[in-house]
Number of protein chains: 2
Amino acid sequence: MIVGIETGGTKVICGAAREGRPQELVRDLRIPTTTPDETTDAINAFLDEIREIEPVTALGVASFGPINVEPDKPRWGWVTGTPKPGWADTDLLGRIRMTAEVPTVLLSDVASAALGEQTWGAGAGVPRVAYATFGTGVGVGLCLDGRVLHGNGYPEMGHLLVRRHPRDDYEGSCPFHGDCLEGLASGPAVLGRWGSDASSLDAGIRAQALDILAFYIAQLAAATAYTTGVERFVVGGGVLKTPGLFDAVVERLPGVTGGPGASHAASLDEPGFLASPALGDHSGVLGAIAAARALLPR
Amino acid sequence: MIVGIETGGTKVICGAAREGRPQELVRDLRIPTTTPDETTDAINAFLDEIREIEPVTALGVASFGPINVEPDKPRWGWVTGTPKPGWADTDLLGRIRMTAEVPTVLLSDVASAALGEQTWGAGAGVPRVAYATFGTGVGVGLCLDGRVLHGNGYPEMGHLLVRRHPRDDYEGSCPFHGDCLEGLASGPAVLGRWGSDASSLDAGIRAQALDILAFYIAQLAAATAYTTGVERFVVGGGVLKTPGLFDAVVERLPGVTGGPGASHAASLDEPGFLASPALGDHSGVLGAIAAARALLPR
């Protein structure tokens, strides 16, 4: 059995799959994220339960960050400077007992989601995939040629200093930068600017809200493709649940990139460049399982 | 002997080094870049000359782009849509006879410069290095953990849609985007905005010019670190020869990143994050030699 654990800001998703069919979860459990002790106790209980069914051969953990994902660095597996109460400077992996017994890989949540979507979802068969989430924050995960890119705190494209939409005078919600991408297009930014989520706005103001958000999201998509050559940009998270927003991003992108032919990366101009997640809430946990599977002997 | 060839827009640099001391060029030749025939004839003559001294065991070619650097793609080694007269759709590698006989690697010019600087220059000992050049265009090369990142036309961070400097009303020089990074901070943009290079401006206006350029360059440095986690950002090219500009970028960066602690990538805040090239005009050719050396059996 391969196990994947995704620890998120509000909930943990635990999944287990057989080696032969790793994309099919035979167990799937949600746990609320509370204190580190309580949360990891519940994770350990899940792992014990799985082990009673079948031996666990590999474990993948995908975590909210910032988390130290580099095994050769001190404090591998520690959540570091998060504002989440009780979690700053927590040895997450050390609290999950099975990591001492079973080959374990740790990824950031967004990197894991990118790997999940590339392996079995909206990025299947595409060599270079990014997964961006617009929710409480803005995060980007990258999988290039089967390799997850992260470490040294990146990616943290949420802090990109995007060009302001001419109709947007919101000062921004980021405590560090004010009006960086996260300060302008995260869930809290939407709430701070319009007083509600974008789906609930009146039709008149909603069209403009979608255009403003789409302009910022398109800038992230373009900047990520310019830097890393991703051929698919999967974009999800709570903000993208706003009806019409995904299509607005598709419409905005050519204006940001200069349209067909302006980029060397031809994939930016292709209709499938932007995609919605195909794995729903399971991108991250399936990515953790995909990463764990890579630890097994071939 | 290992040979490196860097084909640039105006000149070609050819270098040869012995395997035991690859960073020391025992031959170093400059050829003007003219027509593809004339230029590659001169490259072939250089290679024949080296071969008369000692057998050539590996060849690295670094080329201006866009060039197809992926060996498994059709038309590997072709320069594709360049505006450079006579060079569009040219089989560059096919014209260099030795590539049929000797293990050969092809890189983009900026990727090669990044590898050169990481191997023997300003990025030595640093796991993740970017090399940016501000000249006729704006280009970025990336070396992460000893691997050159490119393909699919990227990196092409020159097209980043930077935030405008409030004092800058120049419309931009990029034929595709107008005021993207390249349209605002390349050599032609400097010339188009101020009518001369920045070094020649009067003291009064020069301070503001440096601040404008530095703001854009700092945005590129931050966006590259956010996306790829580079710990060193080497910045060169003709525009960076303006006295005071490098220091202005160092000064501008904390304003763009939010200052110490605002980024997860702590390296962004460190004094050595920004660096000037250490290999002068030889970053590219030495990078080509470093890449060719990697083809040899250990």
# chains A, B, ... in the order shown; residues from 1 in each chain; ligands from 1
>>> residues_around(residues="segment 103-108 of chain A", least_positions_apart="5", cutoff="9 Å", atoms="only C-alpha atoms", output="CSV table (one decimal) with all heavy atoms, in the first residue's frame")
chain,number,residue,atom,x,y,z
A,57,THR,N,4.4,0.5,1.9
A,57,THR,CA,5.7,0.4,1.3
A,57,THR,C,6.3,1.8,1.1
A,57,THR,O,7.5,1.9,0.9
A,57,THR,CB,5.6,-0.3,0.0
A,57,THR,OG1,4.6,0.3,-0.8
A,57,THR,CG2,5.4,-1.8,0.2
A,58,ALA,N,5.5,2.8,1.0
A,58,ALA,CA,6.0,4.2,0.8
A,58,ALA,C,5.0,5.2,1.2
A,58,ALA,O,3.8,5.0,1.2
A,58,ALA,CB,6.3,4.4,-0.7
A,59,LEU,N,5.5,6.3,1.7
A,59,LEU,CA,4.7,7.4,2.2
A,59,LEU,C,5.0,8.7,1.6
A,59,LEU,O,6.2,9.1,1.5
A,59,LEU,CB,4.9,7.5,3.8
A,59,LEU,CG,4.2,8.6,4.5
A,59,LEU,CD1,2.7,8.5,4.4
A,59,LEU,CD2,4.6,8.5,6.0
A,60,GLY,N,4.0,9.4,1.1
A,60,GLY,CA,4.2,10.8,0.6
A,60,GLY,C,3.5,11.8,1.5
A,60,GLY,O,2.3,11.6,1.8
A,61,VAL,N,4.1,12.9,1.9
A,61,VAL,CA,3.5,13.9,2.7
A,61,VAL,C,3.5,15.2,1.9
A,61,VAL,O,4.6,15.6,1.5
A,61,VAL,CB,4.1,14.1,4.0
A,61,VAL,CG1,3.5,15.2,4.8
A,61,VAL,CG2,4.1,12.7,4.8
A,62,ALA,N,2.4,15.8,1.7
A,62,ALA,CA,2.3,17.2,1.1
A,62,ALA,C,1.8,18.1,2.1
A,62,ALA,O,0.8,17.9,2.7
A,62,ALA,CB,1.4,17.1,-0.1
A,63,SER,N,2.5,19.2,2.3
A,63,SER,CA,2.1,20.1,3.4
A,63,SER,C,2.0,21.5,3.0
A,63,SER,O,2.7,22.0,2.1
A,63,SER,CB,3.2,20.0,4.5
A,63,SER,OG,2.9,20.9,5.6
A,64,PHE,N,1.1,22.2,3.7
A,64,PHE,CA,1.1,23.7,3.6
A,64,PHE,C,2.5,24.2,4.1
A,64,PHE,O,3.2,23.5,4.7
A,64,PHE,CB,0.0,24.3,4.4
A,64,PHE,CG,0.1,24.2,5.9
A,64,PHE,CD1,0.8,25.2,6.6
A,64,PHE,CD2,-0.5,23.1,6.6
A,64,PHE,CE1,0.9,25.1,8.0
A,64,PHE,CE2,-0.4,23.0,7.9
A,64,PHE,CZ,0.3,24.0,8.7
A,65,GLY,N,2.8,25.4,3.7
A,65,GLY,CA,4.1,25.9,4.0
A,65,GLY,C,4.1,27.2,4.7
A,65,GLY,O,3.1,27.6,5.2
A,66,PRO,N,5.3,27.8,4.9
A,66,PRO,CA,6.5,27.3,4.4
A,66,PRO,C,7.0,26.1,5.1
A,66,PRO,O,6.9,26.0,6.4
A,66,PRO,CB,7.5,28.5,4.6
A,66,PRO,CG,6.9,29.3,5.7
A,66,PRO,CD,5.4,29.1,5.5
A,67,ILE,N,7.5,25.1,4.4
A,67,ILE,CA,8.0,23.9,5.0
A,67,ILE,C,9.3,23.5,4.3
A,67,ILE,O,9.5,23.8,3.1
A,67,ILE,CB,7.0,22.7,4.9
A,67,ILE,CG1,7.5,21.5,5.6
A,67,ILE,CG2,6.7,22.4,3.4
A,67,ILE,CD1,6.4,20.5,6.0
A,68,ASN,N,10.3,23.0,5.1
A,68,ASN,CA,11.6,22.7,4.6
A,68,ASN,C,11.5,21.3,3.9
A,68,ASN,O,11.5,20.3,4.5
A,68,ASN,CB,12.6,22.7,5.7
A,68,ASN,CG,14.0,22.5,5.2
A,68,ASN,OD1,14.2,22.2,4.0
A,68,ASN,ND2,15.0,22.5,6.1
A,69,VAL,N,11.6,21.3,2.5
A,69,VAL,CA,11.4,20.1,1.7
A,69,VAL,C,12.7,19.5,1.3
A,69,VAL,O,12.7,18.5,0.6
A,69,VAL,CB,10.5,20.4,0.5
A,69,VAL,CG1,9.1,20.8,0.9
A,69,VAL,CG2,11.2,21.4,-0.4
A,70,GLU,N,13.8,20.1,1.7
A,70,GLU,CA,15.1,19.6,1.2
A,70,GLU,C,15.7,18.6,2.2
A,70,GLU,O,16.2,19.0,3.3
A,70,GLU,CB,16.0,20.8,0.9
A,70,GLU,CG,15.5,21.6,-0.2
A,70,GLU,CD,16.3,22.9,-0.4
A,70,GLU,OE1,16.1,23.8,0.4
A,70,GLU,OE2,17.0,23.0,-1.4
A,71,PRO,N,15.8,17.3,1.9
A,71,PRO,CA,16.2,16.3,2.8
A,71,PRO,C,17.6,16.5,3.3
A,71,PRO,O,18.0,16.1,4.4
A,71,PRO,CB,16.2,15.0,2.0
A,71,PRO,CG,15.3,15.3,0.8
A,71,PRO,CD,15.4,16.7,0.6
A,76,TRP,N,14.8,19.2,8.0
A,76,TRP,CA,13.9,18.7,6.9
A,76,TRP,C,12.6,18.3,7.6
A,76,TRP,O,12.6,17.6,8.6
A,76,TRP,CB,14.6,17.5,6.3
A,76,TRP,CG,13.7,16.8,5.3
A,76,TRP,CD1,13.2,17.3,4.1
A,76,TRP,CD2,13.3,15.4,5.3
A,76,TRP,NE1,12.5,16.4,3.4
A,76,TRP,CE2,12.5,15.2,4.1
A,76,TRP,CE3,13.5,14.3,6.2
A,76,TRP,CZ2,12.0,13.9,3.8
A,76,TRP,CZ3,13.0,13.1,5.9
A,76,TRP,CH2,12.2,12.9,4.7
A,77,GLY,N,11.5,18.7,6.9
A,77,GLY,CA,10.2,18.3,7.4
A,77,GLY,C,9.6,19.2,8.5
A,77,GLY,O,8.6,18.9,9.0
A,93,LEU,N,7.2,16.1,10.1
A,93,LEU,CA,7.5,14.7,9.7
A,93,LEU,C,7.9,13.9,11.0
A,93,LEU,O,7.6,12.8,11.1
A,93,LEU,CB,8.7,14.7,8.7
A,93,LEU,CG,8.3,14.9,7.2
A,93,LEU,CD1,9.4,14.4,6.4
A,93,LEU,CD2,7.0,14.2,6.9
A,98,MET,N,5.4,6.9,11.2
A,98,MET,CA,5.8,5.9,10.2
A,98,MET,C,7.0,6.4,9.3
A,98,MET,O,7.6,5.6,8.6
A,98,MET,CB,4.6,5.7,9.3
A,98,MET,CG,4.7,4.5,8.4
A,98,MET,SD,3.3,4.2,7.3
A,98,MET,CE,2.3,3.3,8.4
A,113,ALA,N,0.2,19.0,-5.7
A,113,ALA,CA,-1.0,19.1,-6.6
A,113,ALA,C,-0.6,19.1,-8.0
A,113,ALA,O,-1.2,18.5,-8.9
A,113,ALA,CB,-1.8,20.4,-6.2
A,141,GLY,N,2.7,25.4,-7.8
A,141,GLY,CA,3.6,24.3,-7.8
A,141,GLY,C,4.1,24.0,-9.3
A,141,GLY,O,3.3,24.3,-10.2
A,148,VAL,N,9.7,17.6,-9.6
A,148,VAL,CA,9.1,18.6,-8.9
A,148,VAL,C,10.1,19.7,-8.6
A,148,VAL,O,11.2,19.4,-8.1
A,148,VAL,CB,8.5,18.1,-7.6
A,148,VAL,CG1,8.1,19.2,-6.6
A,148,VAL,CG2,7.3,17.2,-7.8
A,150,HIS,N,11.1,22.6,-6.3
A,150,HIS,CA,10.9,23.4,-5.1
A,150,HIS,C,12.1,23.4,-4.2
A,150,HIS,O,13.2,22.8,-4.6
A,150,HIS,CB,9.6,23.1,-4.4
A,150,HIS,CG,9.5,21.7,-3.9
A,150,HIS,ND1,8.4,21.2,-3.2
A,150,HIS,CD2,10.4,20.6,-4.0
A,150,HIS,CE1,8.6,19.9,-2.9
A,150,HIS,NE2,9.8,19.6,-3.4
A,151,GLY,N,12.0,24.0,-3.1
A,151,GLY,CA,13.2,24.2,-2.2
A,151,GLY,C,13.5,25.6,-2.1
A,151,GLY,O,13.0,26.5,-2.9
A,287,GLY,N,-0.9,13.5,-5.7
A,287,GLY,CA,0.5,13.9,-6.0
A,287,GLY,C,1.5,13.3,-5.0
A,287,GLY,O,2.6,12.8,-5.3
A,288,ALA,N,1.0,13.3,-3.7
A,288,ALA,CA,1.9,12.7,-2.6
A,288,ALA,C,2.1,11.2,-2.9
A,288,ALA,O,3.1,10.6,-2.7
A,288,ALA,CB,1.2,12.9,-1.3
A,291,ALA,N,4.5,10.8,-5.8
A,291,ALA,CA,5.9,11.0,-5.3
A,291,ALA,C,6.4,9.8,-4.5
A,291,ALA,O,7.5,9.4,-4.6
A,291,ALA,CB,6.0,12.3,-4.5
A,292,ALA,N,5.5,9.3,-3.7
A,292,ALA,CA,5.9,8.1,-2.9
A,292,ALA,C,6.2,6.9,-3.7
A,292,ALA,O,7.1,6.1,-3.5
A,292,ALA,CB,4.8,7.8,-1.8
A,295,LEU,N,9.6,6.3,-5.0
A,295,LEU,CA,10.6,5.8,-4.1
A,295,LEU,C,10.7,4.3,-4.1
A,295,LEU,O,11.7,3.8,-3.7
A,295,LEU,CB,10.2,6.2,-2.6
A,295,LEU,CG,10.0,7.7,-2.3
A,295,LEU,CD1,9.5,7.8,-0.9
A,295,LEU,CD2,11.4,8.4,-2.5
A,296,LEU,N,9.8,3.7,-4.7
A,296,LEU,CA,9.8,2.2,-4.7
A,296,LEU,C,10.8,1.7,-5.8
A,296,LEU,O,11.0,2.3,-6.8
A,296,LEU,CB,8.4,1.7,-5.1
A,296,LEU,CG,7.3,2.0,-4.1
A,296,LEU,CD1,5.9,1.6,-4.6
A,296,LEU,CD2,7.6,1.4,-2.7
>>> residues_around(residues="Pro166 of chain A", least_positions_apart="6", cutoff="12 Å", atoms="only C-alpha atoms", output="PyMOL selection string")
(chain A and resi 208+211-212+215-216) or (chain B and resi 163)
>>> closest_atom_pairs(of="chain A", to="chain B", cutoff="8 Å", atoms="only C-alpha atoms", output="JSON lines")
{"residue": "A:Pro66", "atom": "CA", "partner": "B:His264", "partner_atom": "CA", "distance": 6.9}
{"residue": "A:Leu149", "atom": "CA", "partner": "B:Thr228", "partner_atom": "CA", "distance": 7.5}
{"residue": "A:His150", "atom": "CA", "partner": "B:Gly229", "partner_atom": "CA", "distance": 7.2}
{"residue": "A:Gly151", "atom": "CA", "partner": "B:Gly229", "partner_atom": "CA", "distance": 6.9}
{"residue": "A:Asn152", "atom": "CA", "partner": "B:Ala265", "partner_atom": "CA", "distance": 5.2}
{"residue": "A:Gly153", "atom": "CA", "partner": "B:Ala265", "partner_atom": "CA", "distance": 4.5}
{"residue": "A:Tyr154", "atom": "CA", "partner": "B:Gly229", "partner_atom": "CA", "distance": 5.0}
{"residue": "A:Pro155", "atom": "CA", "partner": "B:Thr227", "partner_atom": "CA", "distance": 4.8}
{"residue": "A:Glu156", "atom": "CA", "partner": "B:Tyr226", "partner_atom": "CA", "distance": 4.9}
{"residue": "A:Met157", "atom": "CA", "partner": "B:Tyr226", "partner_atom": "CA", "distance": 5.1}
{"residue": "A:His159", "atom": "CA", "partner": "B:Tyr226", "partner_atom": "CA", "distance": 7.4}
{"residue": "A:Leu160", "atom": "CA", "partner": "B:Ala223", "partner_atom": "CA", "distance": 6.0}
{"residue": "A:Leu161", "atom": "CA", "partner": "B:Arg163", "partner_atom": "CA", "distance": 6.7}
{"residue": "A:Val162", "atom": "CA", "partner": "B:Arg163", "partner_atom": "CA", "distance": 6.2}
{"residue": "A:Arg163", "atom": "CA", "partner": "B:Arg163", "partner_atom": "CA", "distance": 4.5}
{"residue": "A:Arg164", "atom": "CA", "partner": "B:Arg163", "partner_atom": "CA", "distance": 7.3}
{"residue": "A:Phe176", "atom": "CA", "partner": "B:Gly258", "partner_atom": "CA", "distance": 5.5}
{"residue": "A:His177", "atom": "CA", "partner": "B:Gly258", "partner_atom": "CA", "distance": 5.5}
{"residue": "A:Gln219", "atom": "CA", "partner": "B:Leu161", "partner_atom": "CA", "distance": 7.3}
{"residue": "A:Ala222", "atom": "CA", "partner": "B:Leu160", "partner_atom": "CA", "distance": 7.7}
{"residue": "A:Ala223", "atom": "CA", "partner": "B:Leu160", "partner_atom": "CA", "distance": 6.0}
{"residue": "A:Thr224", "atom": "CA", "partner": "B:Thr227", "partner_atom": "CA", "distance": 7.0}
{"residue": "A:Ala225", "atom": "CA", "partner": "B:Tyr154", "partner_atom": "CA", "distance": 7.5}
{"residue": "A:Tyr226", "atom": "CA", "partner": "B:Glu156", "partner_atom": "CA", "distance": 4.9}
{"residue": "A:Thr227", "atom": "CA", "partner": "B:Pro155", "partner_atom": "CA", "distance": 4.8}
{"residue": "A:Thr228", "atom": "CA", "partner": "B:Pro155", "partner_atom": "CA", "distance": 6.2}
{"residue": "A:Gly229", "atom": "CA", "partner": "B:Tyr154", "partner_atom": "CA", "distance": 5.0}
{"residue": "A:Val256", "atom": "CA", "partner": "B:Leu161", "partner_atom": "CA", "distance": 7.4}
{"residue": "A:Thr257", "atom": "CA", "partner": "B:His177", "partner_atom": "CA", "distance": 7.4}
{"residue": "A:Gly258", "atom": "CA", "partner": "B:Phe176", "partner_atom": "CA", "distance": 5.5}
{"residue": "A:Ala262", "atom": "CA", "partner": "B:Phe176", "partner_atom": "CA", "distance": 5.7}
{"residue": "A:Ser263", "atom": "CA", "partner": "B:Gly153", "partner_atom": "CA", "distance": 7.8}
{"residue": "A:His264", "atom": "CA", "partner": "B:Gly153", "partner_atom": "CA", "distance": 4.6}
{"residue": "A:Ala265", "atom": "CA", "partner": "B:Gly153", "partner_atom": "CA", "distance": 4.5}
{"residue": "A:Ala266", "atom": "CA", "partner": "B:Asn152", "partner_atom": "CA", "distance": 7.4}
{"residue": "A:Ser267", "atom": "CA", "partner": "B:Asn152", "partner_atom": "CA", "distance": 7.8}
>>> residues_around(residues="Pro36 of chain B", least_positions_apart="6", cutoff="9 Å", atoms="only C-alpha atoms", output="NGL selection string")
:B and (86-87 or 90 or 92 or 95)
>>> write_last_selection(atoms="all heavy atoms", output="mmCIF file, in the first residue's frame")
data_model
loop_
_atom_site.group_PDB
_atom_site.id
_atom_site.type_symbol
_atom_site.label_atom_id
_atom_site.label_comp_id
_atom_site.auth_asym_id
_atom_site.auth_seq_id
_atom_site.Cartn_x
_atom_site.Cartn_y
_atom_site.Cartn_z
ATOM 1 N N GLY B 86 18.777 36.565 -42.644
ATOM 2 C CA GLY B 86 19.436 35.370 -43.168
ATOM 3 C C GLY B 86 19.449 34.186 -42.224
ATOM 4 O O GLY B 86 19.770 33.070 -42.627
ATOM 5 N N TRP B 87 19.119 34.399 -40.933
ATOM 6 C CA TRP B 87 19.279 33.330 -39.956
ATOM 7 C C TRP B 87 17.986 32.596 -39.605
ATOM 8 O O TRP B 87 18.036 31.534 -38.968
ATOM 9 C CB TRP B 87 19.923 33.881 -38.672
ATOM 10 C CG TRP B 87 21.395 34.092 -38.820
ATOM 11 C CD1 TRP B 87 22.002 35.200 -39.342
ATOM 12 C CD2 TRP B 87 22.439 33.177 -38.483
ATOM 13 N NE1 TRP B 87 23.379 35.038 -39.339
ATOM 14 C CE2 TRP B 87 23.678 33.796 -38.810
ATOM 15 C CE3 TRP B 87 22.470 31.888 -37.927
ATOM 16 C CZ2 TRP B 87 24.901 33.167 -38.612
ATOM 17 C CZ3 TRP B 87 23.703 31.274 -37.721
ATOM 18 C CH2 TRP B 87 24.901 31.913 -38.065
ATOM 19 N N THR B 90 17.389 28.290 -39.890
ATOM 20 C CA THR B 90 18.722 27.830 -40.293
ATOM 21 C C THR B 90 19.140 26.645 -39.435
ATOM 22 O O THR B 90 19.038 26.699 -38.205
ATOM 23 C CB THR B 90 19.749 28.970 -40.082
ATOM 24 O OG1 THR B 90 19.446 30.018 -40.989
ATOM 25 C CG2 THR B 90 21.171 28.477 -40.318
ATOM 26 N N LEU B 92 21.654 25.372 -37.758
ATOM 27 C CA LEU B 92 22.977 25.783 -37.278
ATOM 28 C C LEU B 92 23.874 24.575 -37.012
ATOM 29 O O LEU B 92 24.994 24.490 -37.522
ATOM 30 C CB LEU B 92 22.841 26.625 -35.999
ATOM 31 C CG LEU B 92 24.162 26.987 -35.301
ATOM 32 C CD1 LEU B 92 25.018 27.892 -36.172
ATOM 33 C CD2 LEU B 92 23.913 27.633 -33.944
ATOM 34 N N ARG B 95 25.293 22.638 -39.943
ATOM 35 C CA ARG B 95 26.359 23.284 -40.701
ATOM 36 C C ARG B 95 27.712 23.171 -40.010
ATOM 37 O O ARG B 95 28.734 23.542 -40.587
ATOM 38 C CB ARG B 95 26.046 24.775 -40.864
ATOM 39 C CG ARG B 95 24.948 25.055 -41.864
ATOM 40 C CD ARG B 95 24.405 26.461 -41.646
ATOM 41 N NE ARG B 95 23.275 26.703 -42.518
ATOM 42 C CZ ARG B 95 23.376 27.315 -43.693
ATOM 43 N NH1 ARG B 95 24.540 27.756 -44.118
ATOM 44 N NH2 ARG B 95 22.302 27.479 -44.436
#
>>> select_by_dssp(residues="segment 6-242 of chain B", states="strand (DSSP E or B)", output="number ranges by chain")
B: 6-7, 11-17, 25-32, 58-63, 67, 78-79, 90-91, 104-108, 128-134, 138-144, 147-149, 151, 154, 174, 178, 232-236
>>> residues_around(residues="segment 39-44 of chain B", least_positions_apart="3", cutoff="7 Å", atoms="only C-alpha atoms", output="list in words")
Thr33, Thr34, Thr35, Pro36, Leu47, Asp48, Arg95, Ile96 and Arg97 of chain B
>>> closest_residue(among="A:Arg30, A:Arg21, A:Leu213, A:Glu182", to="Trp194 of chain A", atoms="only C-alpha atoms")
A:Leu213
>>> decode(residues="segment 116-134 of chain A", atoms="N, CA, C and O atoms", output="mmCIF file, in the first residue's frame")
data_model
loop_
_atom_site.group_PDB
_atom_site.id
_atom_site.type_symbol
_atom_site.label_atom_id
_atom_site.label_comp_id
_atom_site.auth_asym_id
_atom_site.auth_seq_id
_atom_site.Cartn_x
_atom_site.Cartn_y
_atom_site.Cartn_z
ATOM 1 N N GLY A 116 0.305 15.596 -8.940
ATOM 2 C CA GLY A 116 -0.926 14.813 -9.070
ATOM 3 C C GLY A 116 -1.622 15.093 -10.389
ATOM 4 O O GLY A 116 -2.006 14.171 -11.119
ATOM 5 N N GLU A 117 -1.783 16.364 -10.714
ATOM 6 C CA GLU A 117 -2.468 16.731 -11.956
ATOM 7 C C GLU A 117 -1.653 16.291 -13.179
ATOM 8 O O GLU A 117 -2.211 15.927 -14.206
ATOM 9 N N GLN A 118 -0.313 16.330 -13.056
ATOM 10 C CA GLN A 118 0.502 15.891 -14.189
ATOM 11 C C GLN A 118 0.443 14.375 -14.364
ATOM 12 O O GLN A 118 0.495 13.864 -15.474
ATOM 13 N N THR A 119 0.332 13.670 -13.255
ATOM 14 C CA THR A 119 0.364 12.210 -13.326
ATOM 15 C C THR A 119 -0.975 11.634 -13.772
ATOM 16 O O THR A 119 -1.026 10.761 -14.636
ATOM 17 N N TRP A 120 -2.069 12.146 -13.208
ATOM 18 C CA TRP A 120 -3.375 11.536 -13.493
ATOM 19 C C TRP A 120 -4.475 12.541 -13.828
ATOM 20 O O TRP A 120 -5.641 12.168 -13.910
ATOM 21 N N GLY A 121 -4.143 13.815 -13.966
ATOM 22 C CA GLY A 121 -5.209 14.804 -14.098
ATOM 23 C C GLY A 121 -5.086 15.672 -15.336
ATOM 24 O O GLY A 121 -4.784 15.196 -16.430
ATOM 25 N N ALA A 122 -5.272 16.973 -15.128
ATOM 26 C CA ALA A 122 -5.352 17.933 -16.236
ATOM 27 C C ALA A 122 -4.018 18.133 -16.953
ATOM 28 O O ALA A 122 -3.986 18.750 -18.013
ATOM 29 N N GLY A 123 -2.931 17.615 -16.378
ATOM 30 C CA GLY A 123 -1.626 17.763 -17.020
ATOM 31 C C GLY A 123 -1.086 16.442 -17.530
ATOM 32 O O GLY A 123 0.101 16.346 -17.853
ATOM 33 N N ALA A 124 -1.933 15.430 -17.607
ATOM 34 C CA ALA A 124 -1.449 14.100 -18.008
ATOM 35 C C ALA A 124 -0.846 14.161 -19.405
ATOM 36 O O ALA A 124 -1.446 14.708 -20.335
ATOM 37 N N GLY A 125 0.347 13.614 -19.554
ATOM 38 C CA GLY A 125 1.013 13.578 -20.853
ATOM 39 C C GLY A 125 1.700 14.871 -21.242
ATOM 40 O O GLY A 125 2.289 14.963 -22.320
ATOM 41 N N VAL A 126 1.651 15.871 -20.368
ATOM 42 C CA VAL A 126 2.271 17.162 -20.681
ATOM 43 C C VAL A 126 3.599 17.252 -19.917
ATOM 44 O O VAL A 126 3.615 17.084 -18.700
ATOM 45 N N PRO A 127 4.706 17.520 -20.603
ATOM 46 C CA PRO A 127 5.997 17.487 -19.905
ATOM 47 C C PRO A 127 6.152 18.525 -18.793
ATOM 48 O O PRO A 127 6.753 18.248 -17.769
ATOM 49 N N ARG A 128 5.599 19.726 -18.980
ATOM 50 C CA ARG A 128 5.845 20.795 -17.994
ATOM 51 C C ARG A 128 4.515 21.381 -17.534
ATOM 52 O O ARG A 128 3.784 21.954 -18.322
ATOM 53 N N VAL A 129 4.256 21.218 -16.262
ATOM 54 C CA VAL A 129 2.948 21.586 -15.719
ATOM 55 C C VAL A 129 3.108 22.484 -14.490
ATOM 56 O O VAL A 129 3.944 22.213 -13.624
ATOM 57 N N ALA A 130 2.305 23.532 -14.435
ATOM 58 C CA ALA A 130 2.186 24.334 -13.213
ATOM 59 C C ALA A 130 0.788 24.166 -12.652
ATOM 60 O O ALA A 130 -0.174 23.985 -13.405
ATOM 61 N N TYR A 131 0.695 24.208 -11.337
ATOM 62 C CA TYR A 131 -0.600 24.196 -10.659
ATOM 63 C C TYR A 131 -0.643 25.429 -9.773
ATOM 64 O O TYR A 131 0.210 25.603 -8.902
ATOM 65 N N ALA A 132 -1.612 26.285 -10.014
ATOM 66 C CA ALA A 132 -1.745 27.497 -9.199
ATOM 67 C C ALA A 132 -3.044 27.443 -8.438
ATOM 68 O O ALA A 132 -4.072 27.022 -8.976
ATOM 69 N N THR A 133 -3.005 27.859 -7.205
ATOM 70 C CA THR A 133 -4.231 27.906 -6.412
ATOM 71 C C THR A 133 -4.443 29.316 -5.885
ATOM 72 O O THR A 133 -3.515 29.963 -5.380
ATOM 73 N N PHE A 134 -5.655 29.803 -6.067
ATOM 74 C CA PHE A 134 -6.052 31.115 -5.551
ATOM 75 C C PHE A 134 -7.064 30.878 -4.438
ATOM 76 O O PHE A 134 -8.227 30.549 -4.713
#
